[in-house]
Structure formats: C-alpha cells, structure tokens
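**Q** Sharing coords.txt (compact mmCIF, C-alpha atoms) below.
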# COMPACT_ATOMS: atom_id res chain seq x y z
CA MET A 826 -19.88 -145.69 95.18
CA LEU A 827 -17.26 -143.25 93.90
CA ARG A 828 -16.13 -145.09 90.77
CA PRO A 829 -18.52 -143.26 88.37
CA VAL A 830 -17.43 -139.93 89.87
CA TYR A 831 -13.69 -140.38 89.42
CA GLN A 832 -14.12 -142.06 86.04
CA GLU A 833 -16.01 -139.02 84.81
CA ARG A 834 -13.31 -136.70 86.16
CA ALA A 835 -10.49 -138.82 84.73
CA SER A 836 -12.01 -138.42 81.26
CA LEU A 837 -11.60 -134.62 81.36
CA SER A 838 -8.54 -133.23 79.55
CA ASP A 839 -7.57 -130.88 82.40
CA THR A 840 -7.57 -133.57 85.12
CA GLN A 841 -4.01 -134.31 86.16
CA SER A 842 -4.50 -136.88 88.92
CA VAL A 843 -7.19 -138.65 90.92
CA LEU A 844 -6.34 -139.98 94.39
CA LEU A 845 -8.46 -141.78 96.98
CA ILE A 846 -7.74 -141.43 100.68
CA GLY A 847 -9.54 -143.81 103.05
CA ASN A 848 -9.96 -143.27 106.77
CA ARG A 849 -7.78 -145.48 108.95
CA ARG A 850 -10.00 -145.36 112.01
CA GLU A 851 -13.34 -143.92 113.05
CA ASP A 852 -13.42 -140.11 113.15
CA ASP A 853 -10.05 -139.99 111.37
CA PRO A 854 -8.96 -136.29 111.34
CA ILE A 855 -6.95 -136.81 108.15
CA THR A 856 -10.18 -137.43 106.22
CA ASP A 857 -12.14 -134.83 108.21
CA THR A 858 -14.17 -137.77 109.67
CA PHE A 859 -15.34 -138.80 106.15
CA ASP A 860 -15.03 -142.44 105.12
CA GLU A 861 -13.28 -141.49 101.88
CA ILE A 862 -11.69 -138.40 100.38
CA LEU A 863 -11.51 -138.16 96.60
CA LEU A 864 -8.74 -135.70 95.68
CA ILE A 865 -8.70 -134.47 92.10
CA ILE A 866 -5.91 -132.21 90.83
CA THR A 867 -6.72 -130.12 87.77
CA SER A 868 -4.71 -127.83 85.49
CA ASN A 869 -7.74 -125.52 85.24
CA ASN A 870 -6.89 -122.60 87.57
CA GLU A 871 -10.11 -120.63 87.04
CA VAL A 872 -11.70 -122.12 90.18
CA ARG A 873 -9.05 -122.98 92.76
CA ILE A 874 -11.17 -125.20 95.02
CA GLN A 875 -14.41 -127.11 94.40
CA THR A 876 -15.92 -129.43 97.01
CA LYS A 877 -18.84 -131.89 96.90
CA HIS A 878 -20.13 -134.31 99.54
CA TYR A 879 -21.68 -137.70 98.79
CA SER A 880 -23.47 -140.40 100.75
CA ASP A 881 -24.91 -143.84 99.94
CA GLY A 882 -27.12 -143.69 103.02
CA GLN A 883 -24.56 -145.23 105.36
CA ARG A 884 -21.12 -143.99 104.38
CA LYS A 885 -20.05 -140.47 103.48
CA ALA A 886 -17.38 -139.16 101.12
CA ALA A 887 -15.97 -135.78 100.12
CA MET A 888 -14.60 -134.82 96.71
CA HIS A 889 -12.11 -131.95 96.52
CA ILE A 890 -11.10 -130.61 93.10
CA ILE A 891 -7.94 -128.59 93.58
CA SER A 892 -6.21 -126.50 90.93
CA GLU A 893 -2.47 -126.93 90.45
CA GLN A 894 -2.03 -123.28 91.44
CA GLN A 895 -3.87 -123.77 94.73
CA LEU A 896 -1.98 -126.99 95.45
CA LEU A 897 1.36 -125.26 94.90
CA HIS A 898 0.28 -122.39 97.16
CA TRP A 899 -0.60 -124.77 99.99
CA LEU A 900 2.63 -126.75 99.63
CA LEU A 901 4.82 -123.65 99.58
CA VAL A 902 3.09 -121.65 102.30
CA GLY A 903 2.32 -124.66 104.49
CA THR A 904 -1.16 -123.49 105.51
CA ASN A 905 -2.89 -126.80 104.73
CA LYS A 906 -0.86 -129.58 106.35
CA LYS A 907 -3.34 -132.36 105.62
CA ILE A 908 -2.84 -131.92 101.85
CA ILE A 909 0.62 -133.46 102.29
CA ASP A 910 -0.92 -136.44 104.09
CA TRP A 911 -3.47 -136.82 101.30
CA LEU A 912 -0.76 -136.82 98.64
CA ILE A 913 1.45 -139.28 100.52
CA LEU A 914 -1.29 -141.65 101.73
CA GLY A 915 -3.61 -141.40 98.74
CA LYS A 916 -4.00 -144.30 96.35
CA ILE A 917 -3.56 -143.12 92.76
CA TYR A 918 -6.43 -144.10 90.44
CA PHE A 919 -5.52 -141.83 87.52
CA ASP A 920 -2.24 -140.03 86.86
CA ARG A 921 -1.59 -138.08 83.67
CA ASP A 922 2.14 -138.06 82.87
CA GLU A 923 2.83 -139.42 86.39
CA TYR A 924 1.97 -136.01 87.90
CA ALA A 925 1.02 -137.30 91.37
CA GLU A 926 3.76 -139.94 91.35
CA ARG A 927 6.42 -137.31 90.70
CA LEU A 928 4.92 -135.09 93.39
CA LYS A 929 4.99 -137.96 95.88
CA GLN A 930 8.63 -138.58 95.00
CA ARG A 931 9.52 -134.93 95.54
CA LEU A 932 7.77 -134.89 98.90
CA SER A 933 9.68 -137.98 100.01
CA GLU A 934 12.99 -136.37 98.99
CA GLU A 935 12.10 -132.90 100.27
CA PRO A 936 9.90 -133.31 103.38
CA LEU A 937 9.74 -129.53 103.87
CA PHE A 938 8.43 -128.56 100.44
CA GLY A 939 9.66 -125.15 99.30
CA ARG A 940 12.16 -124.63 102.14
CA GLY A 941 13.87 -121.74 100.32
CA ILE A 942 10.75 -119.68 99.69
CA LYS A 943 9.48 -120.32 103.23
CA MET A 944 12.71 -118.91 104.68
CA GLY A 945 12.55 -115.90 102.36
CA MET A 946 8.95 -115.11 103.24
CA GLU A 947 9.63 -115.32 106.99
CA LEU A 948 12.75 -113.16 106.74
CA ALA A 949 10.86 -110.53 104.71
CA LYS A 950 8.11 -110.40 107.35
CA MET A 951 10.68 -110.32 110.16
CA ILE A 952 12.58 -107.40 108.62
CA ARG A 953 9.40 -105.38 108.15
CA ALA A 954 8.30 -105.95 111.76
CA TYR A 955 11.82 -105.19 113.00
CA ASN A 956 12.00 -101.88 111.09
CA GLU A 957 8.57 -100.71 112.20
CA GLY A 958 9.20 -101.74 115.80
CA LYS A 959 12.60 -100.01 115.84
CA ILE A 960 11.00 -96.76 114.66
CA HIS A 961 8.51 -96.86 117.56
CA PHE A 962 11.33 -97.74 119.95
CA GLU A 963 13.42 -94.75 118.86
CA ARG A 964 10.35 -92.53 119.37
CA LYS A 965 10.01 -94.02 122.89
CA GLN A 966 6.60 -95.49 121.97
CA TYR A 967 7.46 -98.63 123.88
CA MET A 968 4.07 -100.35 123.99
CA ASP A 969 3.65 -100.05 120.21
CA SER A 970 7.23 -101.21 119.79
CA TYR A 971 6.54 -104.21 122.04
CA LEU A 972 3.84 -105.52 119.66
CA TYR A 973 6.26 -105.37 116.74
CA ALA A 974 8.99 -107.02 118.82
CA ILE A 975 6.67 -109.97 119.47
CA THR A 976 5.93 -110.21 115.73
CA THR A 977 9.64 -109.96 114.90
CA LEU A 978 10.47 -112.89 117.19
CA HIS A 979 7.51 -114.88 115.89
CA HIS A 980 8.82 -114.74 112.32
CA LEU A 981 12.35 -115.43 113.55
CA ALA A 982 11.12 -118.59 115.27
CA ARG A 983 9.25 -119.72 112.15
CA MET A 984 12.33 -119.10 110.01
CA VAL A 985 14.55 -121.07 112.40
CA ALA A 986 12.07 -123.96 112.32
CA VAL A 987 12.17 -123.97 108.51
CA LYS A 988 15.98 -123.85 108.53
CA HIS A 989 15.88 -127.04 110.60
CA ASN A 990 13.56 -128.67 108.02
CA THR A 991 10.58 -128.49 110.37
CA LEU A 992 7.20 -127.05 109.40
CA PRO A 993 6.39 -124.24 111.88
CA GLU A 994 3.51 -125.17 114.15
CA ASN A 995 0.92 -122.91 115.75
CA THR A 996 2.78 -123.70 118.98
CA VAL A 997 6.08 -122.51 117.49
CA TRP A 998 7.53 -121.53 120.86
CA SER A 999 7.18 -125.09 122.12
CA GLN A 1000 9.16 -126.08 119.03
CA MET A 1001 11.85 -123.50 119.81
CA LYS A 1002 12.49 -125.03 123.24
CA LYS A 1003 13.86 -128.08 121.41
CA ILE A 1004 15.11 -126.60 118.15
CA ASP A 1005 16.87 -123.43 119.31
CA PRO A 1006 16.79 -122.68 123.07
CA ALA A 1007 18.62 -119.37 122.50
CA VAL A 1008 15.76 -118.01 120.39
CA TYR A 1009 13.24 -119.28 122.94
CA LYS A 1010 15.20 -117.58 125.75
CA LEU A 1011 15.06 -114.27 123.87
CA TYR A 1012 11.26 -114.55 123.65
CA GLU A 1013 11.04 -115.56 127.31
CA GLU A 1014 13.12 -112.54 128.34
CA LEU A 1015 10.88 -110.19 126.38
CA ILE A 1016 7.57 -111.36 127.82
CA GLY A 1017 8.62 -112.52 131.29
CA SER A 1018 11.62 -110.54 132.50
CA GLU A 1019 11.30 -108.03 135.31
CA GLU A 1020 13.69 -105.67 133.52
CA GLU A 1021 12.32 -102.34 132.32
CA LEU A 1022 10.48 -102.64 129.00
CA GLU A 1023 12.96 -100.29 127.31
CA LYS A 1024 15.88 -102.60 128.15
CA ARG A 1025 13.99 -105.71 127.07
CA LEU A 1026 13.13 -104.14 123.73
CA ASP A 1027 16.69 -102.94 123.22
CA LEU A 1028 17.92 -106.51 123.73
CA VAL A 1029 15.38 -107.92 121.25
CA TYR A 1030 16.27 -105.43 118.52
CA LEU A 1031 20.01 -105.95 118.98
CA ALA A 1032 19.56 -109.71 118.78
CA SER A 1033 17.15 -109.44 115.83
CA GLU A 1034 19.65 -107.36 113.87
CA PHE A 1035 22.23 -110.10 114.46
CA PHE A 1036 19.86 -112.86 113.28
CA ILE A 1037 18.74 -110.88 110.22
CA HIS A 1038 22.37 -110.34 109.21
CA ASN A 1039 23.20 -114.04 109.67
CA TYR A 1040 20.18 -115.34 107.74
CA THR A 1041 20.06 -112.84 104.86
CA ASN A 1042 22.22 -114.77 102.36
CA GLU A 1043 20.49 -118.11 102.92
CA ALA A 1044 16.95 -116.75 103.07
CA SER A 1045 17.35 -114.63 99.92
CA GLU A 1046 18.61 -117.52 97.75
CA HIS A 1047 15.13 -118.33 96.42
CA LEU A 1048 14.47 -114.77 95.23
CA LEU A 1049 17.97 -114.41 93.78
CA ASP A 1050 17.62 -117.73 91.93
CA ILE A 1051 14.52 -116.38 90.17
CA LEU A 1052 16.27 -113.09 89.37
CA SER A 1053 19.09 -115.06 87.74
CA MET A 1054 16.66 -116.49 85.18
CA GLN A 1055 16.86 -113.35 83.03
CA THR A 1056 19.04 -110.23 82.68
CA SER A 1057 16.70 -107.82 84.45
CA TRP A 1058 13.12 -107.62 85.66
CA THR A 1059 10.41 -105.00 86.04
CA ILE A 1060 8.61 -105.10 89.37
CA GLN A 1061 5.44 -106.19 87.55
CA GLU A 1062 7.25 -109.17 86.00
CA LEU A 1063 8.43 -110.21 89.46
CA HIS A 1064 4.92 -109.91 90.93
CA GLU A 1065 3.61 -112.14 88.12
CA GLN A 1066 5.95 -115.01 89.07
CA ASP A 1067 3.72 -117.52 90.86
CA GLU A 1068 6.14 -118.22 93.70
CA LEU A 1069 7.10 -114.57 94.24
CA ALA A 1070 3.41 -113.66 94.40
CA LEU A 1071 3.37 -115.51 97.73
CA TYR A 1072 5.49 -112.72 99.24
CA SER A 1073 2.50 -110.44 98.65
CA SER A 1074 3.06 -106.88 99.92
CA ASP A 1075 6.43 -107.87 101.44
CA LEU A 1076 8.08 -108.51 98.05
CA GLU A 1077 8.96 -104.89 97.21
CA PHE A 1078 10.07 -104.21 100.78
CA PHE A 1079 12.34 -107.27 100.69
CA ILE A 1080 13.81 -106.27 97.31
CA GLU A 1081 14.67 -102.80 98.65
CA TYR A 1082 16.34 -104.39 101.65
CA LEU A 1083 18.45 -106.63 99.38
CA ILE A 1084 19.39 -103.59 97.29
CA ASP A 1085 20.64 -101.95 100.47
CA LYS A 1086 22.69 -105.09 101.19
CA LYS A 1087 24.09 -104.97 97.64
CA LEU A 1088 22.67 -108.37 96.66
CA ILE A 1089 20.33 -106.79 94.09
CA GLU A 1090 21.01 -103.75 91.96
CA THR A 1091 18.78 -101.47 89.92
CA THR A 1092 19.13 -100.44 86.31
CA ASN A 1093 17.43 -97.60 84.45
CA VAL A 1094 15.67 -98.37 81.16
CA LYS A 1095 14.38 -95.69 78.78
CA SER A 1096 10.68 -94.93 78.85
CA LYS A 1097 8.42 -92.87 76.58
CA ASN A 1098 9.06 -89.91 78.86
CA ASP A 1099 12.48 -88.35 78.27
CA PHE A 1100 12.70 -87.30 81.91
CA LEU A 1101 11.80 -90.67 83.47
CA PHE A 1102 13.27 -94.15 83.36
CA HIS A 1103 11.78 -97.54 84.12
CA ARG A 1104 13.46 -98.99 87.19
CA GLU A 1105 14.42 -102.64 86.73
CA TYR A 1106 16.12 -105.18 89.00
CA ARG A 1107 18.91 -107.71 88.58
CA ILE A 1108 21.38 -109.65 90.67
CA ALA A 1109 24.22 -107.41 91.79
CA LYS A 1110 27.40 -107.86 89.80
CA LEU A 1111 30.44 -108.82 91.85
Take the structure in the file and write it out as structure tokens.
**A**
Amino acid sequence: MLRPVYQERASLSDTQSVLLIGNRREDDPITDTFDEILLIITSNNEVRIQTKHYSDGQRKAAMHIISEQQLLHWLLVGTNKKIIDWLILGKIYFDRDEYAERLKQRLSEEPLFGRGIKMGMELAKMIRAYNEGKIHFERKQYMDSYLYAITTLHHLARMVAVKHNTLPENTVWSQMKKIDPAVYKLYEELIGSEEELEKRLDLVYLASEFFIHNYTNEASEHLLDILSMQTSWTIQELHEQDELALYSSDLEFFIEYLIDKKLIETTNVKSKNDFLFHREYRIAKL
C-alpha cells in the first residue's frame, strides 16, 4: 500500500531517509494505534512537520515528514520520546549517505541524546527560578517564593536525572526516589513538613545554592564547547547557533551567570559610534 508513497519521496533530492515502523500488537502506542508509520526525514527545513493519513479500507497508516531541524530539536530537548523508538525500531527503506544508520548508531552509543545540552538547559532554568524565588524570599513574599522554590527543585530533579543518563519523566519525583533520595527528601520537606514556610524555603535555597555550585562546571560544558569554536561571539551569533537556540530566553541569563563565575569573559569591539562598543563573549582566559 505504501510503496508508491515512499518511492516518490525517496526520489526527491532533499529526502535523507525513509523508515517504516510496524505495530507490534493491536492498539500499539508506539505507532499511535496505526498499522504502519512511514517516517521521512528531509533536509528541507521550511516546513518542520507534515503529516498525512492513509487507508486501504481495512488498514490505516500515517506518514510523518520531519525536517532535520525538527528531529534534532526533539532529540535534544526530549519532548517527543516516541521519535527515538521510531528511529531504533524502524526498518530503513531509503538512506542517503547512511543518514539514518549513523543516527541509529549514535543513539545506541549515546542513549541519552544530547546529555550536555540537556544539563545546561536545566541548570539555566534552575538558576533563573532560584534567583527570582530568592528575591521574593528576601522581601518576605513567602507564597510567591514558594512557587519559585517548587520550580527550582523541579529543574534540579530533571538535571540530576540527565546526569544519571536517564530521560526525565513527567513523574520526575518518582524517579528521584530511586536516583537521588537526598533531592527527593528536599522536595518532600518543602511540600510536606510542618515547619514554618520561611524555614522550609530557607532550607531549599541553601541547598539549591549548593547544587548549583556543584553542577555549574559540568552543566556549562556544552555552551563553553561552542564558545571555543571561535575567538569571540556576538550575542546574535550565539542565538543563531541551532543548539543554543534551544536555551531560548534563558541563554543570555545563563551567559551572564557564567561571566559572574569567571567561566566566560566579555570583550569590547569598536562600533560605528565612538562612544559605544559592541559587547562580545569568549571563554575566560586562565
């Protein structure tokens, strides 16, 4: 049924790979209950996702055309877990320059794809929540601070899961019971202790500061590796890096934090205005 479809797609110059994923049992969640999934990876990034459904009257199939950019985003951010199953379980019918084969190999060698960037993103989000929560705490706005404390611990838990080569689940606190009971205990104390809220928050922020300090070097490696690729960078050049774009609004905040920790330094470059300089960024010199 699908042969004419994938043959047509395979003939296009921007098609990288065509994979077929069959269901292994009735109502298989991996195939979204379809009998077959036809996964097509394309180098054309103009449309990130295209989907079509087919039927021969008895069986049903779905075709997903995914751009390389979208595929990379899913693999790095981890928001579409079934894409990994599709890549691993899919039978390759067309593979330009062994694109899918090399991707399968990388996934087998690196089960948690993009571990470095995942840690960096979670640390950046944790630091932002920590800073905002600490400000509310110092102003004695404890209920507002409490919401940020929960967010701080949430990103800490996700970062710890990634450190242990485990993809963070929606039920991340169930994961923490097994992975890091100390982090789980901190969360449990915040939401369940009979201590005054002020004391609970104080404990969370003290502990969070400790974890942030301990994880900074490891979680910033991905960003620093990219910075090492050239002498210095404008902030726009950094935003245009595909992987750094995943940091979104947290990128500049994270960079400023790493400047404060003396891992990144700034340099002034002449501009057209004699009274202003362009501010650029580079790895701090030892």
**Q** Closest to Ser1033 of chain A among A:Val997, A:Ala1070, A:Ala954, A:Leu900, using all atoms listed in the file?
**A**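 Comparing A:Val997, A:Ala1070, A:Ala954, A:Leu900 against Ser1033 of chain A, the winner is A:Ala954.
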**Q** Ranking A:Leu948, A:Leu864, A:Leu914, A:Leu837 by minimum distance to Ile891 of chain A and counting all atoms listed in the file, which one comes first?
**A** A:Leu864
**Q** Nearest to Lys943 of chain A among A:Pro854, A:Pro993, A:Pro1006, A:Gly915, with distances taken over only C-alpha atoms: which residue is it?
**A** A:Pro993
**Q** What separation in Å, quoted to one decimal, exists between atom CA of Thr876 of chain A and atom CA of Gly939 of chain A?
**A**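 Answer for the atom CA of Thr876 of chain A to atom CA of Gly939 of chain A separation: 26.0 Å.
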**Q** Find the residues around Gln1055 of chain A up to 12 Å (only C-alpha atoms counted), leave out those fewer than 3 positions away in its own chain, and share them as a VMD selection string.
**A** chain A and resid 1049 to 1052 1058 to 1059 1062 to 1063 1105 to 1108
**Q** Using all atoms listed in the file, which protein or nucleic acid residues come within 7 Å of segment 1038-1044 of chain A? Drop anything in the same chain fewer than 3 positions from it, and give the result as a list in words.
**A**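 Selected residues are Gly941, Met944, Gly945, Leu948, Glu1034 and Phe1035 of chain A.
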**Q** Closest to Val1029 of chain A among A:Arg983, A:Lys988, A:Lys965, A:Lys1010, using all atoms listed in the file?
**A**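 For Val1029 of chain A, the nearest of the given residues is A:Lys1010.
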**Q** Suppose you want the space between atom CA of Phe962 of chain A and atom CA of Leu1071 of chain A; what is it in Å?
**A**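 That distance, rounded to one decimal, is 29.5 Å.
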**Q** How many Å lie between atom CA of Glu861 of chain A and atom CA of Gly903 of chain A, rounded to one decimal?
**A** 23.1 Å
**Q** Quick one: of A:Ile942, A:Val872, A:Leu897, A:Leu912, who's nearest to Leu845 of chain A, counting only C-alpha atoms?
**A**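 Among the listed residues, A:Leu912 lies closest to Leu845 of chain A.
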**Q** For segment 877-881 of chain A, work out the shell of residues within 9 Å, counting all atoms listed in the file and skipping chain neighbours fewer than 3 positions away, then give it as a tab-separated table (two decimals) with C-alpha atoms, in the coordinates of the input.
**A**
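Contents of result_34.tsv, as written:
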chain	number	residue	atom	x	y	z
A	826	MET	CA	-19.88	-145.69	95.18
A	827	LEU	CA	-17.26	-143.25	93.90
A	884	ARG	CA	-21.12	-143.99	104.38
A	885	LYS	CA	-20.05	-140.47	103.48
A	886	ALA	CA	-17.38	-139.16	101.12
A	887	ALA	CA	-15.97	-135.78	100.12
A	888	MET	CA	-14.60	-134.82	96.71
A	889	HIS	CA	-12.11	-131.95	96.52
A	890	ILE	CA	-11.10	-130.61	93.10
**Q** For Leu1011 of chain A, list every protein, DNA or RNA residue within 12 Å, evaluated using only C-alpha atoms, and leave out those in the same chain fewer than 2 positions away; present the list as an MDAnalysis selection string.
**A** chainID A and resid 974:975 977:979 981:982 998 1001:1002 1005:1009 1013:1018 1025:1033 1036
**Q** Please dump the current selection as a PDB file, in the coordinates of the input; keep C-alpha atoms.
**A**
ATOM      1  CA  ALA A 974       8.990-107.020 118.820  1.00  0.00           C
ATOM      2  CA  ILE A 975       6.670-109.970 119.470  1.00  0.00           C
ATOM      3  CA  THR A 977       9.640-109.960 114.900  1.00  0.00           C
ATOM      4  CA  LEU A 978      10.470-112.890 117.190  1.00  0.00           C
ATOM      5  CA  HIS A 979       7.510-114.880 115.890  1.00  0.00           C
ATOM      6  CA  LEU A 981      12.350-115.430 113.550  1.00  0.00           C
ATOM      7  CA  ALA A 982      11.120-118.590 115.270  1.00  0.00           C
ATOM      8  CA  TRP A 998       7.530-121.530 120.860  1.00  0.00           C
ATOM      9  CA  MET A1001      11.850-123.500 119.810  1.00  0.00           C
ATOM     10  CA  LYS A1002      12.490-125.030 123.240  1.00  0.00           C
ATOM     11  CA  ASP A1005      16.870-123.430 119.310  1.00  0.00           C
ATOM     12  CA  PRO A1006      16.790-122.680 123.070  1.00  0.00           C
ATOM     13  CA  ALA A1007      18.620-119.370 122.500  1.00  0.00           C
ATOM     14  CA  VAL A1008      15.760-118.010 120.390  1.00  0.00           C
ATOM     15  CA  TYR A1009      13.240-119.280 122.940  1.00  0.00           C
ATOM     16  CA  GLU A1013      11.040-115.560 127.310  1.00  0.00           C
ATOM     17  CA  GLU A1014      13.120-112.540 128.340  1.00  0.00           C
ATOM     18  CA  LEU A1015      10.880-110.190 126.380  1.00  0.00           C
ATOM     19  CA  ILE A1016       7.570-111.360 127.820  1.00  0.00           C
ATOM     20  CA  GLY A1017       8.620-112.520 131.290  1.00  0.00           C
ATOM     21  CA  SER A1018      11.620-110.540 132.500  1.00  0.00           C
ATOM     22  CA  ARG A1025      13.990-105.710 127.070  1.00  0.00           C
ATOM     23  CA  LEU A1026      13.130-104.140 123.730  1.00  0.00           C
ATOM     24  CA  ASP A1027      16.690-102.940 123.220  1.00  0.00           C
ATOM     25  CA  LEU A1028      17.920-106.510 123.730  1.00  0.00           C
ATOM     26  CA  VAL A1029      15.380-107.920 121.250  1.00  0.00           C
ATOM     27  CA  TYR A1030      16.270-105.430 118.520  1.00  0.00           C
ATOM     28  CA  LEU A1031      20.010-105.950 118.980  1.00  0.00           C
ATOM     29  CA  ALA A1032      19.560-109.710 118.780  1.00  0.00           C
ATOM     30  CA  SER A1033      17.150-109.440 115.830  1.00  0.00           C
ATOM     31  CA  PHE A1036      19.860-112.860 113.280  1.00  0.00           C
TER      32      PHE A1036
END
**Q** When you count all atoms listed in the file, which of these residues is closest to Arg921 of chain A: A:Gln832, A:Thr1092, A:Ser842, A:Gln1000?
**A** A:Ser842
**Q** Which residues, written as a count of residues only, have at least one atom at most 8 Å from Phe919 of chain A, with only C-alpha atoms counted and residues fewer than 6 positions away on the same chain left out?
**A** 5
**Q** Would you list the residues near (-8.4, -128.7, 90.7) (no more than 8 Å away, in the coordinates of the file, using all atoms listed in the file) as a PyMOL selection string?
**A** chain A and resi 840+865-870+872-875+889-893+895
